[in-house]
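For reference, coords_35.json (JSON, C-alpha atoms):
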```
[["chain", "number", "residue", "atom", "x", "y", "z"],
["A", 1, "MET", "CA", 112.04, 43.83, 101.88],
["A", 2, "GLY", "CA", 110.24, 47.21, 101.94],
["A", 3, "LYS", "CA", 110.38, 50.09, 99.55],
["A", 4, "ASN", "CA", 113.60, 52.00, 99.10],
["A", 5, "ARG", "CA", 113.71, 55.26, 101.04],
["A", 6, "ILE", "CA", 115.05, 58.41, 99.41],
["A", 7, "LEU", "CA", 115.72, 61.68, 101.24],
["A", 8, "ILE", "CA", 115.77, 64.82, 99.09],
["A", 9, "ALA", "CA", 117.82, 67.55, 100.79],
["A", 10, "ASP", "CA", 117.81, 70.99, 99.15],
["A", 11, "ASP", "CA", 117.06, 74.46, 100.51],
["A", 12, "ASN", "CA", 115.15, 75.37, 97.33],
["A", 13, "ALA", "CA", 111.56, 74.05, 97.52],
["A", 14, "THR", "CA", 111.21, 74.18, 93.72],
["A", 15, "ASN", "CA", 114.23, 71.88, 93.32],
["A", 16, "VAL", "CA", 112.81, 69.48, 95.91],
["A", 17, "GLU", "CA", 109.46, 69.37, 94.10],
["A", 18, "LEU", "CA", 111.17, 68.80, 90.75],
["A", 19, "LEU", "CA", 113.26, 65.90, 92.06],
["A", 20, "GLU", "CA", 110.21, 64.40, 93.77],
["A", 21, "THR", "CA", 108.27, 64.65, 90.49],
["A", 22, "PHE", "CA", 111.13, 62.99, 88.58],
["A", 23, "LEU", "CA", 111.07, 60.08, 91.06],
["A", 24, "TRP", "CA", 107.26, 59.83, 91.13],
["A", 25, "ASP", "CA", 107.13, 56.57, 89.15],
["A", 26, "GLU", "CA", 109.89, 54.89, 91.17],
["A", 27, "ASP", "CA", 108.74, 52.44, 93.83],
["A", 28, "CYS", "CA", 110.10, 54.34, 96.83],
["A", 29, "GLU", "CA", 109.24, 56.39, 99.89],
["A", 30, "ILE", "CA", 110.41, 60.01, 99.78],
["A", 31, "ALA", "CA", 111.13, 62.48, 102.57],
["A", 32, "MET", "CA", 112.41, 66.05, 102.32],
["A", 33, "ALA", "CA", 114.82, 68.27, 104.24],
["A", 34, "TYR", "CA", 115.57, 71.94, 103.59],
["A", 35, "ASP", "CA", 118.89, 72.54, 105.39],
["A", 36, "GLY", "CA", 121.89, 70.57, 106.59],
["A", 37, "LEU", "CA", 120.81, 70.14, 110.21],
["A", 38, "GLU", "CA", 117.31, 69.05, 109.20],
["A", 39, "THR", "CA", 118.92, 66.54, 106.81],
["A", 40, "LEU", "CA", 120.80, 64.90, 109.69],
["A", 41, "GLU", "CA", 117.61, 64.85, 111.79],
["A", 42, "LYS", "CA", 115.64, 63.25, 108.93],
["A", 43, "VAL", "CA", 118.34, 60.60, 108.50],
["A", 44, "ARG", "CA", 117.83, 59.56, 112.15],
["A", 45, "GLU", "CA", 114.01, 59.48, 111.77],
["A", 46, "PHE", "CA", 113.55, 58.22, 108.20],
["A", 47, "HIS", "CA", 116.57, 55.87, 107.73],
["A", 48, "PRO", "CA", 117.03, 56.54, 104.00],
["A", 49, "ASP", "CA", 118.83, 54.22, 101.60],
["A", 50, "LEU", "CA", 119.82, 57.17, 99.40],
["A", 51, "ILE", "CA", 120.12, 60.92, 99.88],
["A", 52, "LEU", "CA", 119.90, 63.40, 97.01],
["A", 53, "LEU", "CA", 122.01, 66.08, 98.64],
["A", 54, "ASP", "CA", 122.42, 69.69, 97.54],
["A", 55, "ILE", "CA", 125.79, 71.24, 98.39],
["A", 56, "MET", "CA", 124.81, 74.88, 99.01],
["A", 57, "MET", "CA", 122.45, 74.70, 102.01],
["A", 58, "PRO", "CA", 122.12, 76.76, 105.20],
["A", 59, "LYS", "CA", 123.25, 75.62, 108.68],
["A", 60, "LEU", "CA", 125.45, 72.80, 107.30],
["A", 61, "ASN", "CA", 126.44, 72.51, 103.65],
["A", 62, "GLY", "CA", 126.26, 69.26, 101.70],
["A", 63, "PHE", "CA", 129.98, 68.58, 102.10],
["A", 64, "GLU", "CA", 129.64, 68.78, 105.92],
["A", 65, "VAL", "CA", 126.48, 66.64, 105.94],
["A", 66, "CYS", "CA", 128.09, 63.98, 103.76],
["A", 67, "LYS", "CA", 131.28, 63.91, 105.81],
["A", 68, "THR", "CA", 129.25, 63.56, 109.03],
["A", 69, "LEU", "CA", 127.19, 60.69, 107.60],
["A", 70, "LYS", "CA", 130.11, 58.82, 106.09],
["A", 71, "SER", "CA", 132.20, 59.07, 109.28],
["A", 72, "ASN", "CA", 129.46, 57.47, 111.42],
["A", 73, "PRO", "CA", 129.33, 53.63, 111.21],
["A", 74, "GLU", "CA", 125.52, 53.74, 111.64],
["A", 75, "THR", "CA", 125.04, 55.96, 108.56],
["A", 76, "SER", "CA", 128.14, 55.30, 106.46],
["A", 77, "GLN", "CA", 126.33, 52.83, 104.17],
["A", 78, "ILE", "CA", 123.71, 55.40, 103.07],
["A", 79, "MET", "CA", 124.28, 56.24, 99.42],
["A", 80, "VAL", "CA", 124.82, 59.96, 98.79],
["A", 81, "LEU", "CA", 124.18, 61.51, 95.38],
["A", 82, "MET", "CA", 125.34, 65.14, 95.38],
["A", 83, "VAL", "CA", 122.96, 67.19, 93.22],
["A", 84, "THR", "CA", 124.28, 70.70, 92.73],
["A", 85, "ALA", "CA", 124.71, 73.70, 90.49],
["A", 86, "LEU", "CA", 128.41, 73.68, 91.42],
["A", 87, "ALA", "CA", 130.31, 71.94, 88.68],
["A", 88, "GLU", "CA", 133.88, 73.11, 89.15],
["A", 89, "LEU", "CA", 136.51, 70.39, 89.35],
["A", 90, "GLY", "CA", 137.36, 71.51, 92.90],
["A", 91, "ASP", "CA", 133.74, 71.02, 93.96],
["A", 92, "ILE", "CA", 133.69, 67.50, 92.57],
["A", 93, "GLU", "CA", 136.95, 66.73, 94.39],
["A", 94, "ARG", "CA", 135.53, 68.12, 97.67],
["A", 95, "ALA", "CA", 132.38, 66.01, 97.22],
["A", 96, "VAL", "CA", 134.45, 62.87, 96.67],
["A", 97, "GLU", "CA", 136.67, 63.71, 99.66],
["A", 98, "ALA", "CA", 133.50, 64.13, 101.77],
["A", 99, "GLY", "CA", 132.53, 60.58, 100.77],
["A", 100, "CYS", "CA", 129.74, 61.08, 98.23],
["A", 101, "ASP", "CA", 128.93, 58.07, 96.07],
["A", 102, "ASP", "CA", 128.01, 59.97, 92.90],
["A", 103, "PHE", "CA", 127.69, 63.52, 91.62],
["A", 104, "LEU", "CA", 125.01, 65.09, 89.41],
["A", 105, "SER", "CA", 125.02, 68.67, 88.10],
["A", 106, "LYS", "CA", 121.98, 70.92, 87.81],
["A", 107, "PRO", "CA", 119.95, 71.37, 85.76],
["A", 108, "VAL", "CA", 119.06, 67.72, 86.38],
["A", 109, "ASN", "CA", 118.17, 65.50, 83.45],
["A", 110, "LYS", "CA", 115.32, 63.19, 84.50],
["A", 111, "LEU", "CA", 116.64, 60.06, 82.77],
["A", 112, "GLU", "CA", 120.16, 60.57, 84.13],
["A", 113, "LEU", "CA", 118.78, 61.09, 87.65],
["A", 114, "ILE", "CA", 116.63, 57.96, 87.50],
["A", 115, "LYS", "CA", 119.48, 55.78, 86.19],
["A", 116, "ARG", "CA", 121.90, 57.03, 88.84],
["A", 117, "VAL", "CA", 119.29, 56.51, 91.58],
["A", 118, "GLU", "CA", 118.59, 52.98, 90.34],
["A", 119, "ASN", "CA", 122.31, 52.17, 90.18],
["A", 120, "LEU", "CA", 123.02, 53.53, 93.67],
["A", 121, "LEU", "CA", 120.04, 51.67, 95.15],
["A", 122, "ARG", "CA", 121.20, 48.47, 93.45],
["A", 123, "LEU", "CA", 124.70, 49.00, 94.85],
["A", 124, "ARG", "CA", 123.22, 49.61, 98.32],
["A", 125, "SER", "CA", 121.25, 46.37, 98.06],
["A", 126, "VAL", "CA", 124.32, 44.37, 97.02],
["A", 127, "THR", "CA", 126.37, 45.97, 99.81],
["A", 128, "ASP", "CA", 123.68, 45.10, 102.37],
["A", 129, "GLU", "CA", 123.57, 41.50, 101.14],
["A", 130, "LEU", "CA", 127.37, 41.25, 101.33],
["A", 131, "GLU", "CA", 127.28, 42.53, 104.94],
["A", 132, "ARG", "CA", 124.61, 39.96, 105.83],
["A", 133, "LEU", "CA", 126.69, 37.16, 104.29],
["A", 134, "LYS", "CA", 129.84, 38.28, 106.11],
["A", 135, "ALA", "CA", 127.95, 38.35, 109.43],
["A", 136, "TYR", "CA", 126.52, 34.89, 108.72],
["A", 137, "ILE", "CA", 129.95, 33.44, 107.95],
["A", 138, "GLU", "CA", 131.49, 35.04, 111.04],
["A", 139, "ASN", "CA", 128.65, 33.65, 113.15],
["A", 140, "MET", "CA", 129.09, 30.16, 111.70],
["A", 141, "GLU", "CA", 132.85, 30.27, 112.32],
["A", 142, "ALA", "CA", 132.30, 31.45, 115.90],
["A", 143, "GLU", "CA", 129.80, 28.63, 116.58],
["A", 144, "SER", "CA", 132.08, 25.93, 115.18],
["A", 145, "GLY", "CA", 134.95, 27.07, 117.40],
["A", 146, "PRO", "CA", 138.65, 26.95, 116.60],
["A", 147, "ARG", "CA", 139.82, 24.15, 114.38],
["A", 148, "ARG", "CA", 143.07, 22.32, 114.67],
["A", 149, "GLY", "CA", 144.85, 20.58, 111.90],
["A", 150, "GLY", "CA", 145.82, 17.01, 112.35]]
```

As structure tokens, please, write out the structure in this file.
Amino acid sequence: MGKNRILIADDNATNVELLETFLWDEDCEIAMAYDGLETLEKVREFHPDLILLDIMMPKLNGFEVCKTLKSNPETSQIMVLMVTALAELGDIERAVEAGCDDFLSKPVNKLELIKRVENLLRLRSVTDELERLKAYIENMEAESGPRRGG
């Protein structure tokens, strides 16, 4: 299995650089996007396991990007960590409604970011393994054909 892929999506280049620096020691590939539409394009090209997604971005905001990703079966398993200066209860509720997997407020604490990233990547790995096992079982059941009691 290859390295985990993380997409950092934020319209502020300084924030992107900071998050990239925080993740420097993690064994992962990192790509960047600077608006909502570019984020969706990068998802198609880069196939990330996790997206660090800012909410306030041009073209499409983070809520719209997350909702789009989570409503598509091809991208619904990508973990989304909303990273934002917005910390109102309503913002958190909107992020959850959009389908985000976790929420982190700015300013970002490096240790908290790393632990949340590790946990979400671990959850993604377990989810992928579960999907593989389900497909294997379904395939085995299909090959053995219907069974009759008797």

For Val117 in chain A, the nearest of the candidates A:Ala142, A:Leu86, A:Val80, A:Ala33, counting all atoms listed in the file: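 Using all atoms listed in the file, the shortest distance to Val117 in chain A belongs to A:Val80.
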
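Residues lying within 9 Å of Lys110 in chain A, counting only C-alpha atoms and ignoring same-chain neighbours fewer than 4 positions away, are Leu19, Phe22, Leu23, Ile114 and Lys115 of chain A.
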
Rows by chain and residue number, range 72-99 of chain A within 7 Å of range 61-68 of chain A, shortest pair, only C-alpha atoms, as a tab-separated table:
```
residue	atom	partner	partner_atom	distance
A:Asn72	CA	A:Thr68	CA	6.5
A:Ala95	CA	A:Phe63	CA	6.0
A:Ala98	CA	A:Lys67	CA	4.6
A:Gly99	CA	A:Lys67	CA	6.2
```

Atom-to-atom span, CA of Tyr34 in chain A and CA of Gly90 in chain A, Å: 24.3 Å

Residues within 10 Å of (118.6, 71.0, 107.8), counting all atoms listed in the file, listed as number ranges by chain: A: 9-11, 32-42, 57-62, 65

Distance query Leu120 in chain A at most 8 Å, all atoms listed in the file, self and fewer than 3 positions along chain excluded, as a PyMOL selection string: chain A and resi 50+79+101+116-117+123-124

Nearest residue to Val126 in chain A from the set A:Glu138, A:Asp102, A:Gln77, A:Asn109 (distances using only C-alpha atoms):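 The closest residue to Val126 in chain A is A:Gln77.
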
Within 10 Å of Ile78 in chain A using all atoms listed in the file, minus same-chain residues under 2 positions, as a PyMOL selection string: chain A and resi 6+43+47-51+66+69-70+74-76+80-81+100-101+120-121+124

Å distance separating CA of Lys106 in chain A from CA of Thr84 in chain A, one decimal place: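 Interatomic distance, CA of Lys106 in chain A to CA of Thr84 in chain A: 5.4 Å.
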
Gly2 in chain A environment, 10 Å, all atoms listed in the file, sequence neighbours closer than 3 positions dropped, as a list in words: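 Once the adjacent positions are removed, what remains is Arg5, Asp27, Cys28 and Glu29 of chain A.
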
Residue nearest Ile8 in chain A among A:Thr127, A:Ala31, A:Glu143, A:Val96 (counting all atoms listed in the file):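 Going through A:Thr127, A:Ala31, A:Glu143, A:Val96 one by one, the smallest distance to Ile8 in chain A is for A:Ala31.
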
Straight-line distance linking CA of Ile55 in chain A with CA of Leu111 in chain A, stated in Å to one decimal: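 Interatomic distance here is 21.3 Å.
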
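The residue that comes closest to Asp54 in chain A, out of A:Glu141, A:Glu129, A:Glu97, A:Asp91 and on the basis of only C-alpha atoms, is A:Asp91.
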
Nearest candidate to Leu104 in chain A (options A:Ile92, A:Glu17, A:Asp25, A:Ser125; using all atoms listed in the file):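 The shortest atom-to-atom distance to Leu104 in chain A comes from A:Ile92.
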